[in-house]
file structure.cif (mmCIF, C-alpha atoms)
data_entry
#
loop_
_atom_site.label_atom_id
_atom_site.label_comp_id
_atom_site.auth_asym_id
_atom_site.auth_seq_id
_atom_site.Cartn_x
_atom_site.Cartn_y
_atom_site.Cartn_z
CA MET A 179 -42.63 -4.92 2.43
CA HIS A 180 -41.84 -2.85 5.51
CA GLU A 181 -44.93 -3.82 7.40
CA HIS A 182 -43.47 -7.30 7.84
CA ALA A 183 -40.55 -6.05 9.93
CA ALA A 184 -42.37 -6.51 13.23
CA ALA A 185 -40.55 -8.01 16.18
CA PRO A 186 -41.22 -11.69 16.87
CA THR A 187 -43.93 -12.44 19.39
CA PRO A 188 -44.19 -15.42 21.73
CA ARG A 189 -45.15 -18.49 19.75
CA THR A 190 -48.28 -20.02 21.23
CA GLU A 191 -50.08 -21.16 18.09
CA PRO A 192 -50.47 -24.93 17.62
CA ALA A 193 -47.87 -26.74 15.57
CA ALA A 194 -46.86 -30.27 14.81
CA ALA A 195 -44.80 -31.97 17.50
CA SER A 196 -41.70 -32.08 15.32
CA ASP A 197 -42.01 -28.39 14.54
CA ARG A 198 -42.76 -26.99 17.99
CA PRO A 199 -39.93 -25.16 19.74
CA ARG A 200 -38.65 -26.97 22.80
CA ASP A 201 -39.39 -23.97 25.05
CA ALA A 202 -42.80 -22.66 24.04
CA GLY A 203 -42.92 -18.92 23.70
CA ARG A 204 -39.14 -18.50 23.95
CA PRO A 205 -36.88 -18.67 20.88
CA PRO A 206 -33.93 -21.04 21.11
CA THR A 207 -30.85 -18.90 21.72
CA GLY A 208 -27.51 -19.38 23.40
CA ALA A 209 -23.98 -20.51 22.69
CA LEU A 210 -24.99 -23.87 21.19
CA VAL A 211 -27.41 -22.33 18.69
CA THR A 212 -24.76 -19.76 17.79
CA PHE A 213 -22.26 -22.56 17.24
CA LEU A 214 -24.73 -24.57 15.15
CA LEU A 215 -25.70 -21.66 12.91
CA GLY A 216 -22.06 -20.69 12.51
CA GLY A 217 -21.18 -24.26 11.64
CA LEU A 218 -23.93 -24.40 9.03
CA THR A 219 -22.67 -21.24 7.32
CA ALA A 220 -19.07 -22.53 7.41
CA THR A 221 -19.67 -26.12 6.22
CA THR A 222 -19.69 -25.47 2.47
CA PRO A 223 -16.76 -22.98 2.56
CA LEU A 224 -14.86 -25.66 4.49
CA ALA A 225 -15.73 -28.17 1.77
CA MET A 226 -14.25 -25.84 -0.85
CA ASP A 227 -11.17 -24.56 0.96
CA MET A 228 -10.08 -27.76 2.74
CA TYR A 229 -9.92 -29.40 -0.68
CA LEU A 230 -7.58 -26.77 -2.22
CA PRO A 231 -4.21 -28.26 -1.16
CA SER A 232 -5.14 -31.60 -2.76
CA LEU A 233 -5.82 -30.26 -6.27
CA PRO A 234 -2.40 -31.26 -7.70
CA GLU A 235 -2.82 -34.76 -6.24
CA VAL A 236 -6.31 -35.05 -7.76
CA THR A 237 -4.85 -34.12 -11.14
CA ARG A 238 -2.30 -36.94 -10.89
CA SER A 239 -4.65 -39.48 -9.31
CA LEU A 240 -7.46 -39.11 -11.83
CA ARG A 241 -5.11 -38.41 -14.78
CA ALA A 242 -7.07 -35.28 -15.65
CA PRO A 243 -5.92 -31.87 -16.92
CA ALA A 244 -5.59 -29.19 -14.27
CA VAL A 245 -8.19 -27.02 -15.99
CA THR A 246 -10.71 -29.88 -15.75
CA VAL A 247 -9.95 -30.48 -12.09
CA GLN A 248 -10.56 -26.78 -11.44
CA LEU A 249 -14.15 -27.39 -12.57
CA THR A 250 -14.68 -29.34 -9.34
CA LEU A 251 -14.42 -25.98 -7.53
CA THR A 252 -16.62 -24.21 -10.06
CA ALA A 253 -19.28 -26.93 -9.80
CA CYS A 254 -19.42 -26.66 -6.01
CA MET A 255 -19.66 -22.86 -6.20
CA ALA A 256 -22.42 -23.02 -8.83
CA GLY A 257 -24.36 -25.52 -6.75
CA LEU A 258 -24.03 -23.33 -3.68
CA ALA A 259 -25.38 -20.30 -5.57
CA LEU A 260 -28.28 -22.05 -7.30
CA GLY A 261 -29.23 -24.27 -4.37
CA GLN A 262 -30.05 -21.27 -2.23
CA LEU A 263 -32.74 -20.18 -4.69
CA VAL A 264 -34.48 -23.53 -4.22
CA VAL A 265 -33.99 -24.12 -0.50
CA GLY A 266 -34.90 -20.61 0.65
CA PRO A 267 -38.51 -20.68 -0.62
CA MET A 268 -38.83 -24.31 0.54
CA SER A 269 -38.02 -23.23 4.08
CA ASP A 270 -40.68 -20.52 3.93
CA ARG A 271 -43.25 -23.14 2.95
CA TRP A 272 -42.31 -26.17 5.07
CA GLY A 273 -40.39 -24.58 7.92
CA ARG A 274 -36.65 -24.43 8.55
CA ARG A 275 -36.00 -27.80 10.13
CA ARG A 276 -37.24 -30.21 7.46
CA PRO A 277 -35.43 -28.69 4.43
CA LEU A 278 -32.30 -28.24 6.55
CA LEU A 279 -32.18 -31.90 7.58
CA ILE A 280 -32.84 -33.01 3.99
CA GLY A 281 -30.06 -30.72 2.78
CA ILE A 282 -27.61 -32.06 5.37
CA ALA A 283 -28.46 -35.64 4.37
CA GLY A 284 -27.87 -34.82 0.70
CA TYR A 285 -24.61 -33.06 1.53
CA LEU A 286 -23.36 -36.07 3.51
CA LEU A 287 -24.23 -38.49 0.71
CA ALA A 288 -22.60 -36.33 -1.98
CA THR A 289 -19.46 -35.75 0.12
CA ALA A 290 -19.06 -39.48 0.81
CA LEU A 291 -19.48 -40.23 -2.91
CA CYS A 292 -16.79 -37.66 -3.75
CA ALA A 293 -14.34 -39.83 -1.82
CA LEU A 294 -15.28 -42.78 -4.08
CA ALA A 295 -15.31 -40.93 -7.44
CA PRO A 296 -13.56 -43.08 -10.09
CA ASN A 297 -12.92 -40.22 -12.53
CA VAL A 298 -12.94 -36.45 -12.71
CA GLU A 299 -16.30 -36.23 -14.49
CA THR A 300 -17.99 -38.12 -11.68
CA LEU A 301 -16.20 -35.97 -9.11
CA ILE A 302 -17.47 -32.81 -10.82
CA ALA A 303 -21.04 -34.14 -10.73
CA PHE A 304 -20.82 -35.07 -7.04
CA ARG A 305 -19.29 -31.68 -6.20
CA LEU A 306 -22.23 -29.98 -7.91
CA VAL A 307 -24.66 -31.98 -5.77
CA GLN A 308 -22.52 -31.23 -2.70
CA GLY A 309 -22.89 -27.50 -3.35
CA LEU A 310 -26.62 -27.74 -4.07
CA ALA A 311 -27.31 -29.64 -0.85
CA GLY A 312 -24.84 -27.65 1.23
CA ALA A 313 -26.66 -24.47 0.28
CA ALA A 314 -29.37 -25.48 2.75
CA GLY A 315 -27.11 -24.77 5.70
CA VAL A 316 -26.04 -21.35 4.42
CA VAL A 317 -29.47 -20.03 3.48
CA ILE A 318 -31.47 -21.51 6.35
CA ALA A 319 -28.97 -20.31 8.96
CA ARG A 320 -29.64 -16.71 7.86
CA ALA A 321 -33.39 -17.34 7.83
CA VAL A 322 -33.26 -18.77 11.36
CA VAL A 323 -31.45 -15.63 12.54
CA ARG A 324 -34.27 -13.57 11.00
CA ASP A 325 -36.83 -15.75 12.79
CA LEU A 326 -35.19 -15.18 16.16
CA TYR A 327 -33.97 -11.60 16.02
CA ASP A 328 -34.79 -8.11 14.79
CA GLY A 329 -32.89 -4.87 14.29
CA VAL A 330 -29.87 -4.34 16.52
CA ALA A 331 -29.96 -7.86 17.95
CA MET A 332 -29.93 -9.35 14.46
CA ALA A 333 -26.98 -7.23 13.36
CA ARG A 334 -25.06 -8.29 16.46
CA PHE A 335 -25.78 -11.94 15.81
CA PHE A 336 -24.59 -11.68 12.21
CA SER A 337 -21.33 -10.20 13.49
CA THR A 338 -20.98 -13.18 15.83
CA LEU A 339 -21.59 -15.57 12.94
CA MET A 340 -18.80 -13.83 11.04
CA LEU A 341 -16.39 -14.82 13.81
CA ILE A 342 -17.17 -18.49 13.12
CA SER A 343 -17.65 -18.47 9.35
CA GLY A 344 -14.74 -16.03 8.88
CA ALA A 345 -12.39 -18.48 10.56
CA ALA A 346 -13.21 -21.22 8.02
CA PRO A 347 -11.04 -19.86 5.16
CA ILE A 348 -8.15 -19.47 7.61
CA VAL A 349 -8.10 -22.97 9.05
CA ALA A 350 -9.51 -25.05 6.16
CA PRO A 351 -6.39 -25.12 3.91
CA LEU A 352 -4.22 -25.77 6.97
CA ILE A 353 -6.41 -28.69 8.00
CA GLY A 354 -6.46 -30.00 4.45
CA GLY A 355 -2.68 -29.87 4.26
CA GLN A 356 -2.31 -31.80 7.51
CA ILE A 357 -4.82 -34.43 6.36
CA LEU A 358 -2.74 -34.97 3.23
CA ARG A 359 0.25 -35.82 5.42
CA VAL A 360 -1.48 -39.01 6.57
CA THR A 361 -3.83 -39.84 3.68
CA ASP A 362 -4.68 -38.85 0.11
CA TRP A 363 -7.26 -36.45 -1.35
CA ARG A 364 -10.05 -38.95 -0.80
CA GLY A 365 -9.35 -38.79 2.93
CA VAL A 366 -10.20 -35.07 2.86
CA PHE A 367 -13.75 -35.94 1.81
CA VAL A 368 -13.94 -38.65 4.47
CA VAL A 369 -13.07 -36.07 7.13
CA LEU A 370 -15.63 -33.64 5.69
CA THR A 371 -18.24 -36.40 5.85
CA LEU A 372 -17.48 -37.10 9.51
CA VAL A 373 -17.68 -33.40 10.37
CA GLY A 374 -21.02 -33.22 8.56
CA VAL A 375 -22.34 -36.23 10.49
CA LEU A 376 -21.48 -34.54 13.79
CA LEU A 377 -23.09 -31.25 12.77
CA GLY A 378 -26.17 -33.02 11.42
CA ALA A 379 -26.60 -34.95 14.65
CA LEU A 380 -26.42 -31.74 16.71
CA VAL A 381 -28.94 -30.04 14.42
CA TRP A 382 -31.31 -33.02 14.73
CA LEU A 383 -31.07 -33.08 18.52
CA ARG A 384 -30.72 -29.44 19.52
CA LEU A 385 -32.05 -27.07 16.83
CA PRO A 386 -35.87 -26.90 16.95
CA GLU A 387 -38.18 -25.39 14.37
CA THR A 388 -38.09 -21.57 14.44
CA LEU A 389 -40.83 -20.79 11.89
CA PRO A 390 -44.33 -21.54 13.28
CA ALA A 391 -46.83 -23.21 10.96
CA ALA A 392 -49.07 -20.13 11.05
CA GLU A 393 -46.32 -18.01 9.47
CA ARG A 394 -45.51 -20.35 6.57
CA HIS A 395 -46.46 -19.85 2.94
CA GLY A 396 -48.48 -22.25 0.84
CA GLY A 397 -48.13 -22.73 -2.88
CA GLY A 398 -45.36 -24.06 -5.08
CA VAL A 399 -42.90 -22.61 -7.56
CA ARG A 400 -45.30 -19.88 -8.64
CA GLU A 401 -45.73 -18.67 -5.07
CA ALA A 402 -41.96 -18.75 -4.52
CA LEU A 403 -41.35 -16.68 -7.64
CA ARG A 404 -44.06 -14.23 -6.59
CA SER A 405 -42.41 -13.88 -3.19
CA MET A 406 -39.00 -13.19 -4.73
CA ARG A 407 -40.51 -10.75 -7.21
CA GLY A 408 -42.11 -8.89 -4.33
CA LEU A 409 -38.78 -8.72 -2.51
CA LEU A 410 -36.97 -7.40 -5.58
CA ALA A 411 -39.72 -4.82 -6.11
CA ASP A 412 -38.83 -3.36 -2.71
CA LEU A 413 -36.14 -0.88 -3.80
CA PRO A 414 -34.27 -0.64 -0.46
CA PHE A 415 -34.10 -4.43 -0.13
CA THR A 416 -32.65 -4.73 -3.63
CA GLY A 417 -30.26 -1.88 -2.91
CA TYR A 418 -28.89 -3.53 0.23
CA MET A 419 -28.68 -6.86 -1.60
CA LEU A 420 -26.68 -5.35 -4.47
CA ALA A 421 -24.51 -3.26 -2.17
CA GLY A 422 -23.52 -6.37 -0.24
CA GLY A 423 -23.11 -8.40 -3.43
CA PHE A 424 -20.77 -5.95 -5.16
CA ALA A 425 -18.77 -5.47 -1.96
CA PHE A 426 -18.47 -9.26 -1.93
CA ALA A 427 -17.08 -9.02 -5.48
CA ALA A 428 -14.15 -7.02 -4.12
CA LEU A 429 -13.53 -9.81 -1.60
CA PHE A 430 -13.67 -12.47 -4.34
CA ALA A 431 -11.20 -10.48 -6.43
CA TYR A 432 -8.82 -10.51 -3.46
CA VAL A 433 -9.18 -14.27 -2.92
CA SER A 434 -8.65 -15.02 -6.62
CA ALA A 435 -5.74 -12.68 -7.30
CA SER A 436 -3.85 -12.22 -4.05
CA PRO A 437 -1.78 -15.47 -4.25
CA PHE A 438 -0.40 -14.34 -7.61
CA VAL A 439 -0.08 -10.66 -6.72
CA ILE A 440 1.69 -11.20 -3.39
CA GLN A 441 4.00 -14.03 -4.49
CA GLU A 442 4.70 -13.49 -8.18
CA ILE A 443 4.62 -9.71 -8.52
CA TYR A 444 5.94 -8.65 -5.12
CA GLY A 445 8.18 -11.67 -4.52
CA ALA A 446 6.81 -12.90 -1.21
CA SER A 447 7.37 -16.51 -0.17
CA PRO A 448 4.44 -18.91 0.23
CA GLN A 449 4.92 -18.70 3.98
CA THR A 450 4.72 -14.89 3.89
CA PHE A 451 1.59 -15.06 1.75
CA SER A 452 -0.02 -17.51 4.19
CA LEU A 453 0.83 -15.18 7.07
CA LEU A 454 -0.67 -12.15 5.28
CA PHE A 455 -3.76 -14.11 4.22
CA GLY A 456 -4.35 -15.19 7.79
CA LEU A 457 -3.73 -11.67 9.10
CA ASN A 458 -6.30 -10.23 6.68
CA SER A 459 -8.84 -12.84 7.75
CA VAL A 460 -8.20 -11.98 11.39
CA GLY A 461 -8.78 -8.32 10.53
CA LEU A 462 -12.13 -9.17 8.94
CA VAL A 463 -13.22 -11.21 11.96
CA ALA A 464 -12.01 -8.57 14.44
CA ALA A 465 -13.86 -5.81 12.61
CA GLY A 466 -16.99 -7.94 12.68
CA GLN A 467 -16.71 -8.25 16.44
CA ILE A 468 -16.17 -4.51 16.87
CA ASN A 469 -19.24 -3.99 14.71
CA GLY A 470 -21.41 -6.29 16.83
CA LYS A 471 -20.17 -5.38 20.28
CA VAL A 472 -19.34 -1.65 19.93
CA LEU A 473 -20.97 -0.02 16.89
CA VAL A 474 -24.35 -1.76 16.58
CA GLY A 475 -26.83 -0.19 18.99
CA ARG A 476 -24.81 3.01 19.26
CA VAL A 477 -24.62 3.99 15.58
CA SER A 478 -27.34 3.39 13.01
CA LEU A 479 -26.81 0.41 10.71
CA ASP A 480 -26.96 2.65 7.64
CA LYS A 481 -24.16 4.86 8.96
CA VAL A 482 -21.96 1.88 9.78
CA LEU A 483 -22.59 0.41 6.32
CA ALA A 484 -21.77 3.76 4.71
CA ALA A 485 -18.51 3.92 6.67
CA GLY A 486 -17.57 0.39 5.62
CA LEU A 487 -18.21 1.07 1.94
CA THR A 488 -16.23 4.31 2.13
CA VAL A 489 -13.21 2.54 3.60
CA ILE A 490 -13.38 -0.14 0.89
CA VAL A 491 -13.42 2.54 -1.82
CA LEU A 492 -10.42 4.32 -0.28
CA ALA A 493 -8.43 1.10 0.12
CA ALA A 494 -9.21 -0.02 -3.45
CA THR A 495 -8.21 3.41 -4.74
CA ALA A 496 -4.88 3.16 -2.91
CA LEU A 497 -4.30 -0.30 -4.40
CA LEU A 498 -5.01 1.00 -7.90
CA LEU A 499 -2.55 3.89 -7.46
CA ILE A 500 0.10 1.45 -6.23
CA ALA A 501 -0.56 -1.04 -9.04
CA THR A 502 -0.32 1.61 -11.76
CA GLY A 503 2.95 2.97 -10.35
CA ALA A 504 1.46 6.39 -9.60
CA LEU A 505 3.09 6.29 -6.15
CA GLY A 506 6.40 4.89 -7.39
CA ASP A 507 7.95 1.54 -6.52
CA VAL A 508 6.59 1.19 -2.99
CA GLY A 509 7.08 -2.54 -2.43
CA LEU A 510 4.98 -5.11 -0.59
CA VAL A 511 4.25 -3.34 2.69
CA PRO A 512 1.82 -0.66 1.35
CA VAL A 513 0.06 -3.31 -0.76
CA ALA A 514 -0.33 -5.59 2.26
CA ALA A 515 -1.55 -2.66 4.38
CA SER A 516 -4.16 -1.64 1.80
CA LEU A 517 -5.43 -5.20 1.47
CA PHE A 518 -5.64 -5.49 5.26
CA VAL A 519 -7.74 -2.31 5.48
CA LEU A 520 -10.00 -3.45 2.63
CA MET A 521 -10.59 -6.89 4.12
CA SER A 522 -11.16 -5.52 7.61
CA ALA A 523 -13.83 -3.17 6.26
CA MET A 524 -15.69 -6.22 4.96
CA GLY A 525 -16.27 -7.15 8.59
CA ILE A 526 -18.57 -4.17 9.10
CA THR A 527 -19.97 -3.99 5.57
CA LEU A 528 -21.26 -7.48 4.85
CA PRO A 529 -23.15 -8.24 8.10
CA ASN A 530 -24.86 -4.83 8.13
CA ALA A 531 -25.89 -5.08 4.48
CA GLN A 532 -27.49 -8.47 5.22
CA SER A 533 -29.16 -7.21 8.39
CA LEU A 534 -30.64 -4.13 6.70
CA ALA A 535 -31.94 -6.24 3.80
CA LEU A 536 -33.53 -8.84 6.09
CA LEU A 537 -35.15 -6.12 8.17
CA ARG A 538 -37.26 -5.36 5.09
CA THR A 539 -38.97 -8.74 5.26
CA ARG A 540 -40.53 -10.95 7.87
CA HIS A 541 -42.73 -13.57 6.26
CA ALA A 542 -40.34 -14.45 3.43
CA ALA A 543 -37.02 -14.64 5.26
CA GLY A 544 -36.04 -17.84 3.46
CA SER A 545 -36.56 -16.34 0.02
CA ALA A 546 -34.79 -13.14 1.10
CA SER A 547 -31.83 -15.12 2.42
CA ALA A 548 -31.69 -17.08 -0.84
CA LEU A 549 -31.57 -13.90 -2.91
CA LEU A 550 -28.84 -12.42 -0.71
CA GLY A 551 -26.65 -15.51 -0.94
CA THR A 552 -27.17 -16.22 -4.61
CA SER A 553 -26.54 -12.62 -5.69
CA SER A 554 -23.28 -12.46 -3.72
CA PHE A 555 -21.90 -15.70 -5.15
CA LEU A 556 -22.97 -14.94 -8.71
CA VAL A 557 -21.44 -11.46 -8.65
CA GLY A 558 -18.31 -12.87 -7.04
CA ALA A 559 -18.09 -15.66 -9.60
CA VAL A 560 -18.22 -13.10 -12.43
CA ALA A 561 -15.59 -10.92 -10.74
CA SER A 562 -13.09 -13.72 -10.12
CA PRO A 563 -11.95 -14.39 -13.71
CA LEU A 564 -11.69 -10.67 -14.49
CA VAL A 565 -8.63 -10.27 -12.25
CA GLY A 566 -6.46 -12.09 -14.79
CA VAL A 567 -7.53 -10.39 -18.01
CA ALA A 568 -4.31 -8.36 -18.36
CA GLY A 569 -1.89 -11.23 -17.93
CA GLU A 570 0.41 -12.34 -15.14
CA HIS A 571 2.61 -9.29 -14.60
CA THR A 572 0.30 -6.65 -13.18
CA ALA A 573 -1.97 -6.17 -10.19
CA VAL A 574 -4.05 -3.53 -11.99
CA PRO A 575 -6.99 -5.86 -12.87
CA MET A 576 -7.42 -6.87 -9.22
CA ALA A 577 -7.46 -3.25 -8.09
CA VAL A 578 -9.80 -2.19 -10.91
CA VAL A 579 -12.28 -4.98 -10.11
CA GLN A 580 -12.18 -4.12 -6.42
CA LEU A 581 -12.67 -0.40 -6.99
CA ALA A 582 -15.42 -0.94 -9.58
CA GLY A 583 -17.27 -3.32 -7.27
CA ALA A 584 -16.99 -0.89 -4.37
CA LEU A 585 -18.20 2.07 -6.42
CA VAL A 586 -21.19 0.11 -7.76
CA ALA A 587 -21.99 -0.94 -4.19
CA VAL A 588 -21.95 2.71 -3.07
CA ALA A 589 -24.15 3.71 -6.02
CA CYS A 590 -26.72 1.02 -5.16
CA PHE A 591 -26.67 1.97 -1.48
CA VAL A 592 -27.11 5.69 -2.09
CA GLY A 593 -29.44 5.51 -5.09
CA MET A 594 -31.73 2.69 -4.02
CA CYS A 595 -31.60 2.57 -0.21
CA ARG A 596 -31.56 6.36 0.30
CA PRO A 597 -30.12 6.03 3.81
CA TRP A 598 -30.83 9.69 4.63
CA ASN A 599 -34.57 8.84 4.57
CA THR A 600 -34.67 7.12 7.95
CA ARG A 601 -38.37 7.53 8.75
CA GLY A 602 -39.28 4.36 6.86
CA ASN A 603 -36.85 2.35 9.00
CA ALA A 604 -37.60 3.97 12.34
CA ARG A 605 -40.17 1.41 13.45
CA ALA A 606 -37.94 -1.55 12.55
CA GLY A 607 -35.03 0.00 14.41
CA SER A 608 -37.04 0.70 17.56
CA GLU A 609 -38.47 -2.80 17.57
CA GLY A 610 -35.00 -4.24 17.11
CA ASP A 611 -33.75 -2.24 20.10
CA GLU A 612 -36.29 -3.96 22.30
CA ASN A 613 -34.59 -7.26 21.61
#

call {"tool": "encode", "arguments": {"input": "structure.cif", "output": "structure tokens"}}
result
Amino acid sequence: MHEHAAAPTPRTEPAAASDRPRDAGRPPTGALVTFLLGGLTATTPLAMDMYLPSLPEVTRSLRAPAVTVQLTLTACMAGLALGQLVVGPMSDRWGRRRPLLIGIAGYLLATALCALAPNVETLIAFRLVQGLAGAAGVVIARAVVRDLYDGVAMARFFSTLMLISGAAPIVAPLIGGQILRVTDWRGVFVVLTLVGVLLGALVWLRLPETLPAAERHGGGVREALRSMRGLLADLPFTGYMLAGGFAFAALFAYVSASPFVIQEIYGASPQTFSLLFGLNSVGLVAAGQINGKVLVGRVSLDKVLAAGLTVIVLAATALLLIATGALGDVGLVPVAASLFVLMSAMGITLPNAQSLALLRTRHAAGSASALLGTSSFLVGAVASPLVGVAGEHTAVPMAVVQLAGALVAVACFVGMCRPWNTRGNARAGSEGDEN
């Protein structure tokens, strides 16, 4: 797999008019492309998080049990995970632009239909389609980054994307709450549709094809499965994928359990929880920027990833000691501090894990991106319900899930990636430095 990690060369081979980059021989970069790719990665998280404040209203409006309404979130998450497995290989075969535009069109249609859903069963079905189609933006955005960048430049760009996509969970519930002041839950989906129309129009007009026809793969499902099997057979790629996925599980455990832990166990008000949640998200984004602008290019990606995983393990260990009472009754401040450190470490862990995995592939970036995204969401989806297994009066399950995920991530990184063996990555790193 490593021989595909060569730096991109000027694209002069013939291609269809719709697929040819606007500036021949020069990849499309700049603030607008950064904004577009960040918007694509943030669209589906926005669709999930902006909808959260309206869940009680949906329950009353559709006369459905709360547990059934919660399935609208599960359906969107499942669609997002599974859709990436389909769209990624499609983009390797037909290029990035065509599957992306089809996915955006499907997302817009499904989102508009969500606003018209007459009952909860129909809403669940439309949310599933929304996640499946929205997966195109998430997976193809990563593949486009791989088309345009290598090595250090790619790691820096992923850190920049984290600034945009990391802001989505902060602002989405706030926007959703303000929308509900002037309309009902259906209006949330109308706003999401309008945002999708704007993003789709910009993609249509300003994001050219980044995968030349000469670098695409033929074949159908069998070829896609062979490509993914080849990726998974590359031990370092799988190691980076699993390391990032299990680190992501610690993040999912935080998202699932922190509202209960902070408010119910430690007595914080909803306003205090919102403040802490936003502060932790700012820490994640800030760490991502430090990673891209300070660490990457000066410290090897493997060393930065190792540091991030180590900090996550230490923070999760501190949370477990606090939750079990081993440190006495310490109150909210140490818990909030530990969660802040853990979430901030995600800002240097997740982008570098993705960068190191994608450096292992060149001609199957779509399939590789699909595997990275699907593995993270599936592991996170399994981790989320585990945080409540011991009832409503302890934070121990959250801390245990976070520590277990972090330790498994470290084991995968050390055992499968073998970061001390740098000779195999030397060529990729030197080529990335040239960018």

call {"tool": "resolve_selection", "arguments": {"input": "structure.cif", "expression": "the PyMOL selection byres ((chain A and resi 237-253) around 9)", "output": "PDB file with C-alpha atoms, in the frame of the given file"}}
result
ATOM      1  CA  MET A 226     -14.250 -25.840  -0.850  1.00  0.00           C
ATOM      2  CA  TYR A 229      -9.920 -29.400  -0.680  1.00  0.00           C
ATOM      3  CA  LEU A 230      -7.580 -26.770  -2.220  1.00  0.00           C
ATOM      4  CA  SER A 232      -5.140 -31.600  -2.760  1.00  0.00           C
ATOM      5  CA  LEU A 233      -5.820 -30.260  -6.270  1.00  0.00           C
ATOM      6  CA  PRO A 234      -2.400 -31.260  -7.700  1.00  0.00           C
ATOM      7  CA  GLU A 235      -2.820 -34.760  -6.240  1.00  0.00           C
ATOM      8  CA  VAL A 236      -6.310 -35.050  -7.760  1.00  0.00           C
ATOM      9  CA  CYS A 254     -19.420 -26.660  -6.010  1.00  0.00           C
ATOM     10  CA  MET A 255     -19.660 -22.860  -6.200  1.00  0.00           C
ATOM     11  CA  ALA A 256     -22.420 -23.020  -8.830  1.00  0.00           C
ATOM     12  CA  GLY A 257     -24.360 -25.520  -6.750  1.00  0.00           C
ATOM     13  CA  LEU A 258     -24.030 -23.330  -3.680  1.00  0.00           C
ATOM     14  CA  PRO A 296     -13.560 -43.080 -10.090  1.00  0.00           C
ATOM     15  CA  ASN A 297     -12.920 -40.220 -12.530  1.00  0.00           C
ATOM     16  CA  VAL A 298     -12.940 -36.450 -12.710  1.00  0.00           C
ATOM     17  CA  GLU A 299     -16.300 -36.230 -14.490  1.00  0.00           C
ATOM     18  CA  LEU A 301     -16.200 -35.970  -9.110  1.00  0.00           C
ATOM     19  CA  ILE A 302     -17.470 -32.810 -10.820  1.00  0.00           C
ATOM     20  CA  ALA A 303     -21.040 -34.140 -10.730  1.00  0.00           C
ATOM     21  CA  PHE A 304     -20.820 -35.070  -7.040  1.00  0.00           C
ATOM     22  CA  ARG A 305     -19.290 -31.680  -6.200  1.00  0.00           C
ATOM     23  CA  LEU A 306     -22.230 -29.980  -7.910  1.00  0.00           C
ATOM     24  CA  VAL A 307     -24.660 -31.980  -5.770  1.00  0.00           C
ATOM     25  CA  GLN A 308     -22.520 -31.230  -2.700  1.00  0.00           C
ATOM     26  CA  GLY A 309     -22.890 -27.500  -3.350  1.00  0.00           C
ATOM     27  CA  TRP A 363      -7.260 -36.450  -1.350  1.00  0.00           C
ATOM     28  CA  ALA A 559     -18.090 -15.660  -9.600  1.00  0.00           C
TER      29      ALA A 559
END

call {"tool": "residues_around", "arguments": {"input": "structure.cif", "residues": "A:Met524", "least_positions_apart": "3", "cutoff": "9 Å", "atoms": "all atoms listed in the file", "output": "ChimeraX atom specification"}}
result
/A:425-426,429,462-463,465-466,486-487,490,519-521,527-529

call {"tool": "resolve_selection", "arguments": {"input": "structure.cif", "expression": "the PyMOL selection byres ((chain A and resi 217) around 10)", "output": "PyMOL selection string"}}
result
chain A and resi 211-216+218-222+224+315-316+319+339+342-343+346+373-374+377

call {"tool": "write_last_selection", "arguments": {"input": "structure.cif", "atoms": "C-alpha atoms", "output": "PDB file, in the coordinates of the input"}}
result
ATOM      1  CA  VAL A 211     -27.410 -22.330  18.690  1.00  0.00           C
ATOM      2  CA  THR A 212     -24.760 -19.760  17.790  1.00  0.00           C
ATOM      3  CA  PHE A 213     -22.260 -22.560  17.240  1.00  0.00           C
ATOM      4  CA  LEU A 214     -24.730 -24.570  15.150  1.00  0.00           C
ATOM      5  CA  LEU A 215     -25.700 -21.660  12.910  1.00  0.00           C
ATOM      6  CA  GLY A 216     -22.060 -20.690  12.510  1.00  0.00           C
ATOM      7  CA  LEU A 218     -23.930 -24.400   9.030  1.00  0.00           C
ATOM      8  CA  THR A 219     -22.670 -21.240   7.320  1.00  0.00           C
ATOM      9  CA  ALA A 220     -19.070 -22.530   7.410  1.00  0.00           C
ATOM     10  CA  THR A 221     -19.670 -26.120   6.220  1.00  0.00           C
ATOM     11  CA  THR A 222     -19.690 -25.470   2.470  1.00  0.00           C
ATOM     12  CA  LEU A 224     -14.860 -25.660   4.490  1.00  0.00           C
ATOM     13  CA  GLY A 315     -27.110 -24.770   5.700  1.00  0.00           C
ATOM     14  CA  VAL A 316     -26.040 -21.350   4.420  1.00  0.00           C
ATOM     15  CA  ALA A 319     -28.970 -20.310   8.960  1.00  0.00           C
ATOM     16  CA  LEU A 339     -21.590 -15.570  12.940  1.00  0.00           C
ATOM     17  CA  ILE A 342     -17.170 -18.490  13.120  1.00  0.00           C
ATOM     18  CA  SER A 343     -17.650 -18.470   9.350  1.00  0.00           C
ATOM     19  CA  ALA A 346     -13.210 -21.220   8.020  1.00  0.00           C
ATOM     20  CA  VAL A 373     -17.680 -33.400  10.370  1.00  0.00           C
ATOM     21  CA  GLY A 374     -21.020 -33.220   8.560  1.00  0.00           C
ATOM     22  CA  LEU A 377     -23.090 -31.250  12.770  1.00  0.00           C
TER      23      LEU A 377
END

call {"tool": "residues_near_point", "arguments": {"input": "structure.cif", "point": "(-22.8, -9.4, -2.5)", "cutoff": "9 Å", "atoms": "all atoms listed in the file", "output": "VMD selection string"}}
result
chain A and resid 418 to 427 528 531 550 to 558 587

call {"tool": "residues_around", "arguments": {"input": "structure.cif", "residues": "A:Gly365", "least_positions_apart": "2", "cutoff": "12 Å", "atoms": "only C-alpha atoms", "output": "NGL selection string"}}
result
:A and (228-229 or 232 or 235-236 or 289-294 or 353-363 or 367-372)
